[in-house]
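Enquirer: Below: one structure in structure tokens.
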Amino acid sequence: MTAVLSASGITKNYAIGKREIPVLRGVDLSIEPGEKVALLGTSGAGKSTLLHLLGLLDKPTSGTISYDGQPVQSLPVAERARLRHQQIGFVFQFYHLIPELTALQNVLLARMMGSSVLQYWGQRKRAKQSAIAMLEHVGLGERLHHRPTELSGGERQRVAIARALLAEPKVVLADEPTGNLDSHTAKEVVDLMFSIQQERQLAFLLVTHDEGLALRCDRIVRMKDGRIVDQNNQDAENNA
Amino acid sequence: MIRAFSPFLALRYLLTRRINILGALGVAFAVWAMLVVNGVFTGFVRDIRKNVENSAPQLLLTDLPHDSDFAVLQEALTDDDIVAIAPRLRQFAMLQPVGTDRARRLQGGSSELDFNHTKNGFAMLLGIDPLLEVEVVNMPSWLQRGASEIRRNGGEVLPATVFDEPDPDRRAEMLLPDAVEWQSRKDAGMAYERDIEQHESSLPGMLLGWRRIFHLYPMGSGDPFEIVCASFVKSGDGVAMRPYSKPVICAGWFGSGNRMFDETTALLPIETVRTMLGQDFDDPSSIELVTDVAIRPRDGLSPAELAALQARLQQKVQATLPEGSKPCSILTWQEQNSVYLRAVAQEHVMMQLVLMIVMLVSAFVIYATLHMMVVQKIKDIGILVAIGGAPRSVGSVFLITGTVVGLTGSLLGVLGGYLSSIWLNPVNDWLFANFGVEIFPRHLFDLDGVPCHLEPSWVASVAIGAVLLAILVALIPARKASRMNPVTALSFE
């Protein structure tokens with residue numbers, strides 16, 4: 001099967017003054033459609049940097065990032081934005097919702113990204129219906145018009161998940177999505193994410209410190225000092 | 001292409017962040033100030049120019065030698081583009097009211113003018129030929145205005161009627177009706193006929209600028225004055241001073257609209273002034289002495305044609321003057337008052353500069369509010385980029401915000417400016433009636449009301465300029481937002 005997302009020989013250096021600090025030292029990774037991959041590692045291992053590079057928020061110093069086999073790391077800024085909108089959904093630890101917008105508006109924002117004013121005007125009713133359906137799907141049908149400050153941490157993360165999924169991406173990149181939640185709420189959120197992932201056969205890359213959460217993924221990738229030090233396939237291990 | 005989220009989010013930010021209202025109000029205030037203050041100034045300049053134009057002949061021949069003869073100049077001033085000419089003779093003199101009672105009254109007056117501080121005062125006598133002068137300036141409007149200004153200031157007077165006198169000889173001398181002069185002589189203790197029927201007016205009439213006579217009120221029409229002046233005459237090998245005095249009678253008041261002119265000038269028959277300067281009409285060796293000649297060119301001359309006429313007349317007149325004479329001048333009404341008009345215009349320009357600074361301050365308010373918004377919204381910028389927003393579209397959020405702030409402020413300012421221009425006079429009247437305060441001291445410039453004229457082109461320039469300026473200053477924070485590294489933005493605390 002062709003990898004929906006692959007990275008090959010990725011390096012990333014940050015310049016601090018005249019010094020170059022290597023953060024990623026040659027990372028190879030590929031994710032197949034419908035695969036859940038957990039990215040584990042200590043702080044400073046390079047997990048979030050890799051996630052940002054794979055999410056096209058930043059450019060690697062060297063190496064290739066491909067979506068559906070097409071290298072994308074050198075695309076112009078606007079193309080990368082389009083690709084991010086069409087292919088990638090982000091879920092962050094701190095939810096990253098716009099405080100001025102209601103839950104519904106935050107989710108709708110994802111739909112507005114890809115359309116001009118006139119295009120969106122023509123499809124605004126349909127867009128609103130799908131956003132409401134998505135929020136209902138994540139259990140927030142009663143909280144559509146609440147602002148982030150009026151929602152609990154779990155509810156905010158559900159809004160973030162709904163926003164990430166509304167544009168029907170192929171890949172979801174989640175950066176410690178349960179890191180800010182209590183264990184009960186975290187389990188609910190993860191259950192929700194994985195059920196949707198299963199339903200839609202999404203490729204899922206999950207950055208986490210939580211071994212228990214990682215064990216629920218198909219594959220665990222461990223990083224240390226900017227390198228992948230271990231990749232094991234949970235099914236293979238379980239079968240063994 | 002603007003993505004749908006840009007205007008959507010910009011409007012959300014506008015509605016939820018009250019500081020943007022401050023930006024819009026700043027622009028509105030600046031636009032309002034630019035429209036109203038400039039409107040008042042434009043109206044002021046327009047009215048002032050109108051008044052000055054009304055107070056001066058279209059062209060004036062001046063800078064002539066001291067012994068210029070109108071009879072000689074008349075020949076040189078014959079031109080197809082000239083409709084009428086009128087001789088003028090200027091001379092400083094002292095005026096003193098005749099009659100003890102009147103003199104005492106003047107001593108107790110309230111004016112700051114020199115009339116009060118001494119029993120007499122200086123005036124610029126302007127000798128005119130009433131029969132010709134009416135052809136070059138709108139003399140009836142001067143008389144009408146003089147009376148109405150005094151009435152507006154509490155006096156109860158009628159316009160002077162000396163120009164309505166059917167007898168041209170009496171009109172030339174600006175004589176009052178016989179009965180009026182007889183009564184005046186009697187009241188002032190001057191010599192008079194026992195029988196009123198025997199009396200014939202002989203005192204030359206004098207028209208005073210309303211500002212001077214207003215301060216002398218109740219001195220008025222029919223009050224006699226003594227004019228005192230001196231001229232230098234040849235005496236043997238040297239020059240001797242020849243004092244001269246002549247009784248005249250106040251024949252009324254004029255108001256040209258030019259404050260300086262109305263404060264200092266007294267109009268007299270030109271023959272009276274000539275006699276004072278030793279050029280008696282009955283003396284066969286006398287000349288028709290003039291210091292200036294007022295000229296009315298034909299209507300409809302273009303500025304170029306007028307300039308050509310000026311040059312042509314200057315050459316023709318100069319040719320008649322004795323060799324070695326200084327160049328004479330033919331001045332338009334603007335050139336006759338160039339210092340005053342330039343000062344007013346300069347003040348207008350300075351005011352516009354000050355208003356530009358007000359506009360720049362309001363633009364800075366927009367910049368500051370948007371810049372602050374970008375700093376506060378760094379994380380939002382990261383979020384927008386993460387969920388697929390192109391940097392340019394993200395920057396557009398702030399650009400649209402600035403544009404809407406500028407547009408709203410501009411519209412409010414134009415509306416406020418328009419309403420203010422309508423309500424300026426009623427508000428000014430109300431303030432004056434209730435608190436004795438005036439927004440604009442219209443009496444200082446002899447204006448009927450607070451002048452306010454909104455030029456459509458100025459309104460459009462200010463409104464469009466304000467929006468463009470808002471867009472320009474919004475571009476800076478918008479550019480900053482679009483260039484922000486999303487990873488840094490997302491990790492911003």
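Ligands are numbered from 1 in the order shown, residues from 1 within each chain, and chains are lettered A, B, ... in the order they appear in the structure tokens.
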Could you give me, as an MDAnalysis selection string, each residue of stretch 189-392 of chain B that DSSP assigns to alpha helix (DSSP H) when run on this structure's backbone?

Expert: chainID B and resid 210:216 259:264 270:276 303:320 333:336 338:376 378:386 391:392

Enquirer: Counting only C-alpha atoms, collect the residues of chain B whose closest atom lies at most 12 Å from chain A, and write them out as a PyMOL selection string.

Expert: chain B and resi 1-17+376-394+482-493

Enquirer: Which residues are close to B:Leu475, i.e. within 12 Å by only C-alpha atoms, leaving aside same-chain residues fewer than 2 positions away? Reply as a list in words.

Expert: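 That gives Ala363, Ile366, Tyr367, Leu370, His371, Val374, Arg392, Gly395, Ser396, Val397, Phe398, Leu399, Ile400, Thr401, Gly402, Thr403, Leu468, Leu469, Ala470, Ile471, Leu472, Val473, Pro477, Ala478, Arg479, Lys480, Ala481, Ser482 and Arg483 of chain B.
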
Enquirer: For the residues selected in the previous step, produce a file with C-alpha atoms as a tab-separated table (two decimals), in the first residue's frame.

Expert:
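Resulting contents of again.tsv:
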```
chain	number	residue	atom	x	y	z
B	363	ALA	CA	-3.91	56.94	11.66
B	366	ILE	CA	-5.39	52.69	14.06
B	367	TYR	CA	-1.85	51.45	13.66
B	370	LEU	CA	-3.98	46.91	15.02
B	371	HIS	CA	-0.40	46.35	16.07
B	374	VAL	CA	-1.53	41.38	16.07
B	392	ARG	CA	-1.55	36.48	2.81
B	395	GLY	CA	-2.65	39.15	6.95
B	396	SER	CA	-5.88	40.17	5.20
B	397	VAL	CA	-7.75	39.72	8.47
B	398	PHE	CA	-5.88	42.68	9.91
B	399	LEU	CA	-5.97	44.63	6.69
B	400	ILE	CA	-9.75	44.25	6.48
B	401	THR	CA	-10.06	45.23	10.14
B	402	GLY	CA	-8.09	48.42	9.48
B	403	THR	CA	-10.08	49.13	6.33
B	468	LEU	CA	-6.46	55.01	2.24
B	469	LEU	CA	-4.44	56.13	5.24
B	470	ALA	CA	-6.18	53.52	7.41
B	471	ILE	CA	-5.37	50.85	4.79
B	472	LEU	CA	-1.79	52.06	4.59
B	473	VAL	CA	-1.19	51.86	8.32
B	477	PRO	CA	0.60	44.93	11.10
B	478	ALA	CA	-1.01	42.85	8.33
B	479	ARG	CA	2.42	42.24	6.79
B	480	LYS	CA	3.81	41.37	10.19
B	481	ALA	CA	0.99	38.84	10.68
B	482	SER	CA	1.48	37.28	7.25
B	483	ARG	CA	5.21	36.87	7.81
```

Enquirer: Env of stretch 189-197 of chain B: 12 Å cut, atoms = only C-alpha atoms, seq-sep filter 5 positions within chain, self excluded. Answer as a list in words.

Expert: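 Final neighbour list, sorted by chain and number: Pro97, Val98, Gly99, Thr100, Asp101, Arg102, Pro177, Asp178, Ala179, Val180, Glu181, Trp182, Gln183, Ser184, Ser202, Leu203, Asp223, Pro224, Phe225, Glu226, Pro247, Val248 and Ile249 of chain B.
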
Enquirer: Neighbouring residues of A:Arg219 were defined as those with any atom within 9 Å, considering only C-alpha atoms; residues of the same chain fewer than 6 positions away were excluded. Please report them as a PDB file with C-alpha atoms, in the first residue's frame.

Expert:
```
ATOM      1  CA  GLU A  35      -2.769   3.615  10.371  1.00  0.00           C
ATOM      2  CA  LYS A  36      -2.448   4.998  13.907  1.00  0.00           C
ATOM      3  CA  VAL A  37       1.125   5.824  14.806  1.00  0.00           C
ATOM      4  CA  ALA A  38       2.255   6.973  18.260  1.00  0.00           C
ATOM      5  CA  LEU A  39       5.359   9.120  18.492  1.00  0.00           C
ATOM      6  CA  GLN A 231       9.676   1.423  15.537  1.00  0.00           C
ATOM      7  CA  ASN A 232       7.559  -1.529  16.469  1.00  0.00           C
ATOM      8  CA  ASN A 233       4.368  -2.775  15.027  1.00  0.00           C
ATOM      9  CA  GLN A 234       1.797  -3.464  17.775  1.00  0.00           C
ATOM     10  CA  ASP A 235      -0.077  -6.109  15.729  1.00  0.00           C
TER      11      ASP A 235
END
```
